[in-house]
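The structure under discussion appears below in the form of structure tokens.
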Amino acid sequence: MFEKSDEQLIAKALQGNKQAWVNLLKRYEKSIYNYGIRMTGKNEDALDLMQEVFISVYRNLATYRHEGSFKSWLFRIAHFRCIEFYRRKRPMEGLDDVPEIESEQIPNEQYIDSVKENKQLIQAMQRLPLAQKTVIELKFFGQFTFDEIAELTGMSANTAKSRMYGALEKLKTLMEVDYA
Amino acid sequence: MPDVTNEQLLALWLDGRLNAQQRLMFEQRCVDDEVFAQQVEAANNITVHAQHFIEQDVPHWDRAASFTEVKNTPWWHWQGLSGLSIAMSVAAMLMVVTGLQIKVDDGALTISFADNQSQLQIERLVEDKLQEYKTEQQLAMNRFTQSLQQQQLDASSQLTQYLLTSSRKERREDFAELIKFVNEQRSDDQLFYARQLNQLQQDIYTNPAQSGLNSNKE
């Protein structure tokens with residue numbers, strides 16, 4: 001049996017078909033959940049963020065114009081939800097500020113139920129400013145081009161490249177420390 | 001060859017959009033620039049981590065809770081309707097206040113705002129109406145005169161006809177009367193002469209001598 005396209009599921013969901021909406025959720029929930037894990041460093045926060053993202057997606061589904069892929073639109077909403085999530089959690093911290101992580105806040109096995117490699121990368125990403133972390137996430141995990149990242153986040157492509165370059169420098173150091 | 005910064009070169013490499021020239025430049029810079037080479041290595045390292053990242057399963061959550069029944073709102077519940085109503089009201093008030101007048105005449109659109117225009121229009125309208133009334137009156141008068149003339153002509157013609165007809169009939173009656181009188185007179189004469197002849201005949205039979213005399217006398 002042929003799998004329905006995102007557009008078909010969206011159209012059915014907009015007509016009030018709950019099953020179509022659930023099928024659309026199942027198609028993308030894992031990506032968004034793991035996006036949340038990498039961006040927040042915590043499974044519970046990732047679950048909250050994922051739910052917020054999908055509620056927001058559903059509310060704005062009627063405004064989806066089919067310009068670009070649904071995945072891009074979904075990650076655009078996820079990005080803005082993530083910023084709001086950070087502002088709630090850390091109201092005094094800017095997007096380019098290096099997060100202040102106290103020893104007890106560093107994600108560990110208690111928070112991240114994952115394998116060692118996952119844990120090491122996630123821990124390193126938590127030490128990056130949100131703006132740099134976003135670019136790393138979208139580039140390496142989302143497989144978006146810099147132009148797409150610029151469109152998703154609202155920053156210029158040159159800014160995205162610059163942030164990625166800075167983030168790589170920091171990650172290299174952080175991961176060397178972790179390996180050591 | 002235009003100078004490409006390390007950031008741009010790395011970005012092009014990560015996007016997989018290096019052309020042959022840029023690829024050569026990329027490889028050269030990896031050899032010459034140690035910092036750049038370390039960045040490339042870090043990017044490679046992250047790429048490998050990302051590829052081997054084991055995605056975690058989503059814990060159970062109430063997916064259907066994010067779905068709310070879509071109700072097809074009727075068009076008269078459209079949210080913009082109140083705004084549209086206000087806008088239309090404001091537009092209507094502005095038209096009234098400014099005395100806006102839009103006139104379409106023979107495909108030409110005229111928009112006027114001043115009351116003078118209205119006064120002029122009224123005067124022109126009254127003038128037109130008066131002219132129209134005058135013309136109508138003139139026409140009616142002409143029609144009435146013509147009708148009156150025709151009526152008079154008809155009446156005199158009828159009168160003449162009547163007079164001619166009646167006089168002819170009277171004459172005919174008079175002649176008939178005269179002929180009747182003449183005929184009666186003739187009939188009386190005939191009777192008289194017949195009676196005279198009878199008398200004479202009787203006289204002759206009764207007294208032939210006298211009758212001869214009488215007849216001679218006669």
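For the structure tokens, the naming scheme is as follows: chains receive sequential letters (A, B, ...) according to their order of presentation, residues are indexed from 1 within each chain, and ligands are indexed from 1 in presentation order.
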
Please, which residues in chain A fall within 8 Å of chain B when counting only C-alpha atoms, and what is the closest atom pair and distance in Å to one decimal for each, ordered by chain then residue number, as CSV?
residue,atom,partner,partner_atom,distance
A:Leu14,CA,B:Val70,CA,7.0
A:Gln15,CA,B:Val70,CA,6.9
A:Gly16,CA,B:Val70,CA,5.1
A:Lys18,CA,B:Phe67,CA,6.7
A:Trp21,CA,B:Phe67,CA,7.3
A:Val22,CA,B:Arg63,CA,6.4
A:Leu25,CA,B:Arg63,CA,7.4
A:Glu29,CA,B:Val58,CA,7.2
A:Lys30,CA,B:Val58,CA,5.9
A:Ser31,CA,B:Glu55,CA,8.0
A:Tyr33,CA,B:Val58,CA,6.5
A:Asn34,CA,B:Glu55,CA,6.2
A:Leu47,CA,B:Pro59,CA,7.9
A:Gln51,CA,B:Ser66,CA,7.7
A:Phe54,CA,B:Ser66,CA,6.8
A:Ile55,CA,B:Ser66,CA,5.2
A:Tyr58,CA,B:Phe67,CA,7.0
A:Ser114,CA,B:Gln56,CA,7.3
A:Val115,CA,B:Ile54,CA,7.6
A:Glu117,CA,B:His49,CA,7.0
A:Asn118,CA,B:Phe53,CA,5.8
A:Leu121,CA,B:His49,CA,7.3
A:Phe140,CA,B:Thr47,CA,6.0
A:Phe141,CA,B:Ala50,CA,5.9
A:Thr145,CA,B:Asp15,CA,5.6
A:Phe146,CA,B:Asp15,CA,7.2
A:Asn158,CA,B:Gln8,CA,7.9
A:Lys161,CA,B:Glu7,CA,6.0
A:Ser162,CA,B:Glu7,CA,6.1
A:Tyr165,CA,B:Glu7,CA,6.1
A:Leu168,CA,B:Ala42,CA,6.1
A:Glu169,CA,B:Gln39,CA,6.5
A:Leu171,CA,B:Ala42,CA,7.5
A:Lys172,CA,B:Ala42,CA,5.6

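If you look at atom CA of Ser72 of chain A and atom CA of Phe144 of chain A, they are 8.5 Å away from each other.
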
> Which residues come within 8 Å of Val57 of chain A, counting only C-alpha atoms, excluding same-chain residues fewer than 4 positions away, as JSON, numbers by chain?
Replying inline: {"A": [53, 61, 74, 77]}
